[in-house]
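Worksheet: one structure, shown below.
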Amino acid sequence: MIVALLPFGMQTSDAQAQNRSATTQPRALELTDIMQFREIQQQVTTDDLSVIAFSANPDYGDREGQVVRTNDGTIYLVERGMRPQLSSDGRFAVFLQEPPLLERERATSREERRKLVQNAVLVDVTSGEQEVFSHAQATGFAADGQFFYVLHNDTYAKENGSEHGSLLRLIDLNSSEQTLIHNVVDIVAASEGHRLALHLVRELANTESTGSEATSEEKKPATEHAVVVYNLANHSGSTLLQTANKVASKLTFAPNGQALAFLVADSDSNLRETPQTLWLWQAGGGAEAVNTDRPNMILSEHSPIRWSDDNARLFIGHRPTPAVKAESRPQPESMADLYDLDRLLVDRRLQVWHGDDGMIMPQQRQTHSQRQRATATSVLHLNERTLVALSDNVNENVMISDNPHAVMVSNQEPHLRDRTWDGFYHDLYYVDLRSGERQRVAERLTSSQRGLISPDGQYVVFMADSQVQLFTAANGQVTTLATDVAVSWVDEENDRPAEPSPYGFAGWLAHSSGFWIYDRFDIWQVTVDNVATNLTRVGRDQNQQFRVAMFTEQRHIDATQPVLVRMYHEQLKHSGFYQLEVQSSQLNQGQQALLVPLLEDQKTYSLVAHSDDHQRLLFTEQDFRQFPDLWIAPRDFSTRQRLTDVNPQRDEFIWGHAELVEWESTRGEPLQGVLIKPDNYDPNKRYPVMVYFYEKFSQRLYQWNQMRVNHRPNFPFYLGQDYVVFLPDVHFRIGAPGPSATESLVPAIEKIIEMGVAEPNAIGLHGHSWSGYQAAFLVAETDIFTAVVSGAPVSNMTSAYSGIRWGTGLARQFQYETGQSRIGESMFDNLEPYLLNSPVFVADRINTPMLIQFGDKDEAVPWEQGIEYYLALRRLDKPVVMLQYEGEPHHLQRFANKIDYSIKMLEFFDHFLKGAPAPSWWQEGLEYQHYE
């Protein structure tokens with residue numbers, strides 16, 4: 001299907017609504033309407049932003065690929081298009097095309113699903129013409145967009161003459177000539193130049209056994225593997241490796257396309273992990289094996305193969321020399337063998353939980369596969385062919401970057417045991433890329449502190465003890481900077497019993513003389529000789545938060561050029577873009593940087609991408625009524641053009657208007673929330689209110705509500721059902737998370753009742769996970785809510801404290817002592833707050849009808865917490881129903897369950913808030929259902 005659309009121009013969604021026919025009245029959303037709203041995903045752009053491609057994905061239904069020519073706004077649509085790619089010159093786009101949803105839903109067996117066909121759709125961006133290639137497995141462009149390739153799947157390949165692997169189709173987009181290459185296992189295109197790397201396999205005739213007594217194993221055909229560099233300029237191939245007993249993998253071109261690295265291994269090995277050999281090909285020469293030997297280690301099949309951007313270095317990974325593969329349990333050949341204890345013990349299934357283990361056993365289990373693939377990083381300097389070990393420990397994290405001087409290395413192992421109750425810490429090291437020399441920068445940093453290396457490699461800046469720290473590589477010394485500045489570099493509003501999070505670094509100046517750092521509102525420049533300058537200046541006084549929006553590729557800041565920054569108004573919640581002009585010479589003379597507003601409105605703006613010359617910007621604009629479509633503008637935002645209209649159906653439905661509400665908690669803390677009234681709001685009547693909360697939600701004032709059917713109430717859906725929606729903030733006190741919710745929410749509800757908005761006897765509350773806990777607790781302290789839905793709540797902190805987060809394998813103790821639950825002490829040091837903040841111990845005070853929801857495979861909150869709460873309320877004859885969704889995790893995944901929960905949630909609130917008849921499942925329950 002080919003559709004060309006005219007540019008959207010500057011018309012806003014509200015203006016479009018005014019243009020709608022007066023005879024067309026908006027209607028209430030239904031669940032099936034929500035399913036069909038789409039999101040922009042898998043977005044790609046050309047370097048100059050002349051072409052954009054993405055997949056518009058509904059919650060449930062067939063997605064749609066879109067290609068946008070930004071110069072004239074023309075859009076081409078591709079049915080069911082996903083995973084788009086663009087040729088570098090922007091002439092062509094390609095999408096994979098999945099089978100229709102109807103066919104996918106009809107395919108109930110594995111065999112039926114296997115027969116479903118995925119296609120590739122090639123789009124000529126100039127004309128809009130589309131060409132379909134069936135049975136597509138992978139696609140791509142090469143030779144600066146001159147060639148397109150599609151890799152057909154094994155089924156298609158066998159039907160068209162391939163003995164093994166896939167069939168590669170190469171198309172010259174200038175001449176339309178096609179070349180077919182059979183038996184392809186893998187293909188990689190160089191990002192620059194005219195080369196492809198191919199891994200091919202072919203069948204060899206067996207010549208070792210020709211007699212009539214040959215066994216079936218001897219007659220089995222052998223295969224030969226080859227690695228070929230294919231030059232698209234003249235359609236010639238150069239074979240780099242050809243062997244019948246080795247296998248190649250991880251073909252990786254250098255960024256300039258002038259070299260190729262790949263791994264080679266024996267096809268048969270008796271070791272648990274097959275040792276690899278690194279092969280390297282460079283243009284103008286042949287391929288050769290490179291010596292990457294390290295004592296007691298092998299080059300791993302899990303090794304990353306990463307080139308530096310300057311093509312000078314290659315990062316690889318080693319693992320300890322593996323053991324021989326374990327033999328299976330031997331079969332008994334005698335009575336003695338039958339009773340051999342060693343033979344019997346081979347089938348033992350045992351895990352030993354030791355008190356001194358760094359990681360408790362469930363975490364070891366969850367991370368086992370990852371740890372078996374972890375490698376110790378080395379760097380190969382290509383010019384000298386020297387290998388430098390950057391780490392000897394596979395469990396360390398080497399933070400590979402394009403800095404040519406050094407890397408940062410993080411080691412969590414000394415602090416793993418503390419993770420159980422105290423959170424995440426690591427030691428930080430600076431490692432020289434040439435010598436491998438290691439210097440410890442800091443010990444026991446919080447996990448968010450990774451350190452930033454200066455472009456010249458001389459310094460590392462990081463945060464420790466809430467202060468800015470500078471490590472100097474030349475002498476290994478650490479100095480504290482900007483101590484005379486009267487601002488905090490860490491979260492001023494931290495309400496957790498843990499070290500506050502830093503506001504962060506914007507990055508180093510390109511010439512390494514200093515760096516930019518954030519306080520709560522402003523951007524500062526701090527030099528290595530300890531001069532701190534507030535660049536934006538006005539942020540704190542005007543409640544405006546400024547953050548760098550656009551970086552160079554290395555995230556280095558070129559302060560000789562204007563810098564684009566994003567502004568967010570902390571009090572009023574809107575945002576915009578500003579230009580920050582900084583001249584170091586002017587700063588040295590005491591002059592101030594210049595901050596120029598470019599775009600600001602009662603919207604939320606986000607930068608998506610910029611052209612390679614930084615002169616064109618792709619961004620989104622949104623508010624509660626406006627979907628974040630894609631917009632394009634020049635660097636100064638002097639003109640703006642909306643490029644997409646992904647959800648034009650929005651105007652068909654009753655929506656709402658969001659406004660900011662302010663109040664004080666019962667302890668005097670100022671708080672905010674978002675009150676959303678339906679389009680047809682009548683100020684002369686009071687409304688039932690759906691209250692949805694977590695921690696802070698007032699920042700959603702100018703944000704589109706994600707249109708999905710899931711475990712959350714959909715705001716426009718409830719607005720269409722004649723509800724008002726309220727999103728209040730919560731202020732927490734350490735040691736009192738439950739009472740904090742009451743202290744914040746009760747005066748919030750009183751505020752909207754006082755405003756004449758809320759019907760006092762029709763206030764519904766919904767919370768999930770952390771807010772599910774709060775909802776379960778605060779109903780014991782107030783009867784202000786008419787009915788409450790509590791999804792996946794913790795109900796008993798004493799039992800939850802020593803539970804496991806099964807998704808990660810982590811103990812839950814840290815979450816209570818220093819994390820979100822904010823108790824601040826261990827249960828053994830002070831049991832009282834664990835008792836006082838547990839809903840199950842105050843359940844006798846609850847008078848509010850409660851609907852509990854849990855998945856019985858919840859990987860975050862043990863679903864037994866729901867059982868404890870349900871059993872307490874049941875024993876106390878409180879009105880309660882628990883919805884147990886079988887096989888579901890913390891957030892519902894099965895679409896049928898999402899629909900069911902959404903229906904039951906609305907029925908529950910309609911009954912208690914609007915007087916609708918009680919649903920049968922609430923009134924009578926439902927007997928056990930057996931599901932196959």
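Ordering of the structure tokens sets the chain letters (A, B, ...), residue numbers begin anew at 1 in every chain, and ligands are numbered from 1 in the order given.
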Would you mind listing, for every residue of stretch 322-436 of chain A within 12 Å of stretch 468-472 of chain A, the two atoms forming the shortest contact and the distance between them in Å to one decimal, using only C-alpha atoms, sorted by chain and ascending residue number, as a tab-separated table?
```
residue	atom	partner	partner_atom	distance
A:Met408	CA	A:Phe471	CA	11.9
A:Leu428	CA	A:Phe471	CA	11.0
A:Tyr429	CA	A:Phe471	CA	10.4
A:Tyr430	CA	A:Phe471	CA	9.2
```
Write out, as a PDB file, in the first residue's frame, the residues just selected, with N, CA and C atoms.
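Result written to out35.pdb:
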```pdb
ATOM      1  N   MET A 408      37.555   3.166  32.550  1.00  0.00           N
ATOM      2  CA  MET A 408      37.166   3.006  33.944  1.00  0.00           C
ATOM      3  C   MET A 408      36.710   1.566  34.156  1.00  0.00           C
ATOM      4  N   LEU A 428      36.107   1.789  42.158  1.00  0.00           N
ATOM      5  CA  LEU A 428      36.329   2.349  40.833  1.00  0.00           C
ATOM      6  C   LEU A 428      37.820   2.466  40.547  1.00  0.00           C
ATOM      7  N   TYR A 429      38.218   2.017  39.356  1.00  0.00           N
ATOM      8  CA  TYR A 429      39.627   2.024  38.959  1.00  0.00           C
ATOM      9  C   TYR A 429      39.804   2.741  37.623  1.00  0.00           C
ATOM     10  N   TYR A 430      40.994   3.338  37.498  1.00  0.00           N
ATOM     11  CA  TYR A 430      41.447   3.942  36.249  1.00  0.00           C
ATOM     12  C   TYR A 430      42.520   3.026  35.683  1.00  0.00           C
TER      13      TYR A 430
END
```
TODO: Write out as a PyMOL selection string each polymer residue whose atoms come within 12 Å of A:Phe814, counting only C-alpha atoms; drop sequence neighbours fewer than 2 positions from it.
DONE: chain A and resi 416-424+496-498+800-805+810-812+816-827
Open item on the list: When you look at A:Thr139 with a cut-off of 8 Å (counting only C-alpha atoms), what residues show up, excluding the ones that are within fewer than 5 positions of it in the same chain? I need them as JSON, numbers by chain.
Closed with: {"A": [94, 96, 120, 148, 149, 150, 151]}
Requested write-out: N, CA and C atoms of the selected residues, as an mmCIF file, in the first residue's frame:
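And here's out_1.cif as it stands now:
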```
data_model
loop_
_atom_site.group_PDB
_atom_site.id
_atom_site.type_symbol
_atom_site.label_atom_id
_atom_site.label_comp_id
_atom_site.auth_asym_id
_atom_site.auth_seq_id
_atom_site.Cartn_x
_atom_site.Cartn_y
_atom_site.Cartn_z
ATOM 1 N N VAL A 94 13.712 0.217 4.275
ATOM 2 C CA VAL A 94 13.252 -1.164 4.248
ATOM 3 C C VAL A 94 12.651 -1.503 5.607
ATOM 4 N N LEU A 96 10.878 -4.914 7.832
ATOM 5 C CA LEU A 96 10.370 -6.276 7.906
ATOM 6 C C LEU A 96 8.861 -6.186 8.097
ATOM 7 N N ALA A 120 10.009 -8.735 3.600
ATOM 8 C CA ALA A 120 10.717 -7.457 3.639
ATOM 9 C C ALA A 120 10.081 -6.549 2.602
ATOM 10 N N PHE A 148 21.191 -3.007 -1.702
ATOM 11 C CA PHE A 148 20.257 -3.521 -0.696
ATOM 12 C C PHE A 148 20.381 -5.032 -0.674
ATOM 13 N N TYR A 149 20.305 -5.626 0.520
ATOM 14 C CA TYR A 149 20.325 -7.084 0.585
ATOM 15 C C TYR A 149 19.188 -7.589 1.460
ATOM 16 N N VAL A 150 18.703 -8.762 1.097
ATOM 17 C CA VAL A 150 17.721 -9.459 1.917
ATOM 18 C C VAL A 150 18.207 -10.883 2.095
ATOM 19 N N LEU A 151 18.193 -11.349 3.310
ATOM 20 C CA LEU A 151 18.585 -12.720 3.627
ATOM 21 C C LEU A 151 17.297 -13.526 3.783
#
```
Task: Proximity to A:Gln641 - best of A:Asp613, A:Gly284, A:Arg69, A:Thr179, only C-alpha atoms - done: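 Of all the options, A:Arg69 lies closest to A:Gln641.
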Open item on the list: Please return, as JSON, numbers by chain, all residues of stretch 170-401 of chain A that DSSP assigns to strand (DSSP E) on the basis of the backbone.
Closed with: {"A": [170, 171, 172, 178, 179, 180, 181, 182, 183, 184, 185, 186, 187, 188, 189, 195, 196, 197, 198, 199, 200, 201, 202, 203, 204, 222, 223, 224, 225, 226, 227, 228, 229, 230, 231, 236, 237, 238, 239, 240, 241, 242, 243, 246, 247, 248, 249, 250, 251, 252, 253, 259, 260, 261, 262, 263, 264, 265, 266, 277, 278, 279, 280, 281, 282, 287, 288, 289, 290, 297, 298, 299, 306, 307, 313, 314, 315, 316, 317, 318, 319, 320, 376, 377, 378, 379, 380, 381, 386, 387, 388, 389, 397, 398, 399]}
Task: Distance in Å - atom CA of A:Asn397 versus atom CA of A:Ala265 - done: 25.6 Å
- [ ] For stretch 223-231 of chain A, please output as a list in words all residues within 8 Å (counting only C-alpha atoms; exclusion window: fewer than 4 positions along the same chain).
- [x] His194, Arg195, Leu196, Ala197, Leu198, His199, Leu200, Val201, Arg202, Glu203, Leu204, His235, Ser236, Gly237, Ser238, Thr239, Leu240, Leu241, Gln242, Thr243, Ala244, Asn245, Lys246, Val247 and Ala248 of chain A
Task: Residue nearest A:Ile903 - candidates A:Phe785, A:Trp921, A:Phe505, A:Phe697, atoms counted: only C-alpha atoms - done: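 Closest to A:Ile903, using only C-alpha atoms: A:Trp921.
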Task: Given only C-alpha atoms as the counted atoms, nearest of A:Leu170, A:Leu876, A:Leu251, A:Asp612 to A:Val185 - done: A:Leu251
Task: Two-atom distance - atom CA of A:Pro455, atom CA of A:Ser513 (Å) - done: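 Result for atom CA of A:Pro455 versus atom CA of A:Ser513: 9.6 Å, one decimal.
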- [ ] Kindly give the distance, in Å, that separates atom CA of A:Leu445 and atom CA of A:Asp465, rounded to a single decimal.
- [x] 8.8 Å
- [ ] May I have all residues of stretch 112-331 of chain A that DSSP, computed from the backbone, assigns to helix (DSSP H, G or I), given as a PyMOL selection string?
- [x] chain A and resi 112-114+143-145+154-159+216-219
Could you write out the selected residues, including C-alpha atoms, as a PDB file, in the first residue's frame?
```
ATOM      1  CA  GLU A 112       1.160 -23.434  12.122  1.00  0.00           C
ATOM      2  CA  ARG A 113       3.260 -20.613  13.551  1.00  0.00           C
ATOM      3  CA  ARG A 114       6.331 -21.922  11.727  1.00  0.00           C
ATOM      4  CA  ALA A 143      28.023   0.658  -0.199  1.00  0.00           C
ATOM      5  CA  ASP A 144      26.616   3.985   1.022  1.00  0.00           C
ATOM      6  CA  GLY A 145      23.112   2.962  -0.009  1.00  0.00           C
ATOM      7  CA  ASP A 154      16.179 -21.510   5.482  1.00  0.00           C
ATOM      8  CA  THR A 155      12.841 -22.755   4.106  1.00  0.00           C
ATOM      9  CA  TYR A 156      12.966 -20.417   1.129  1.00  0.00           C
ATOM     10  CA  ALA A 157      16.684 -21.086   0.665  1.00  0.00           C
ATOM     11  CA  LYS A 158      16.236 -24.855   0.416  1.00  0.00           C
ATOM     12  CA  GLU A 159      13.379 -24.427  -2.038  1.00  0.00           C
ATOM     13  CA  SER A 216      26.407 -44.484   8.366  1.00  0.00           C
ATOM     14  CA  GLU A 217      28.480 -42.076  10.454  1.00  0.00           C
ATOM     15  CA  GLU A 218      31.360 -42.318   7.974  1.00  0.00           C
ATOM     16  CA  LYS A 219      28.958 -41.708   5.079  1.00  0.00           C
TER      17      LYS A 219
END
```
- [ ] Please provide as a PyMOL selection string all residues within 10 Å of A:Gln331, with the sequence filter that same-chain residues fewer than 5 positions apart are discarded (counting only C-alpha atoms).
- [x] chain A and resi 337-338+343
- [ ] Using only C-alpha atoms, find the one residue out of A:Gln351, A:Gly165, A:Gln66, A:Glu192 that sits nearest to A:Phe141.
- [x]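 Checking each candidate against A:Phe141, we get A:Glu192 as the closest.
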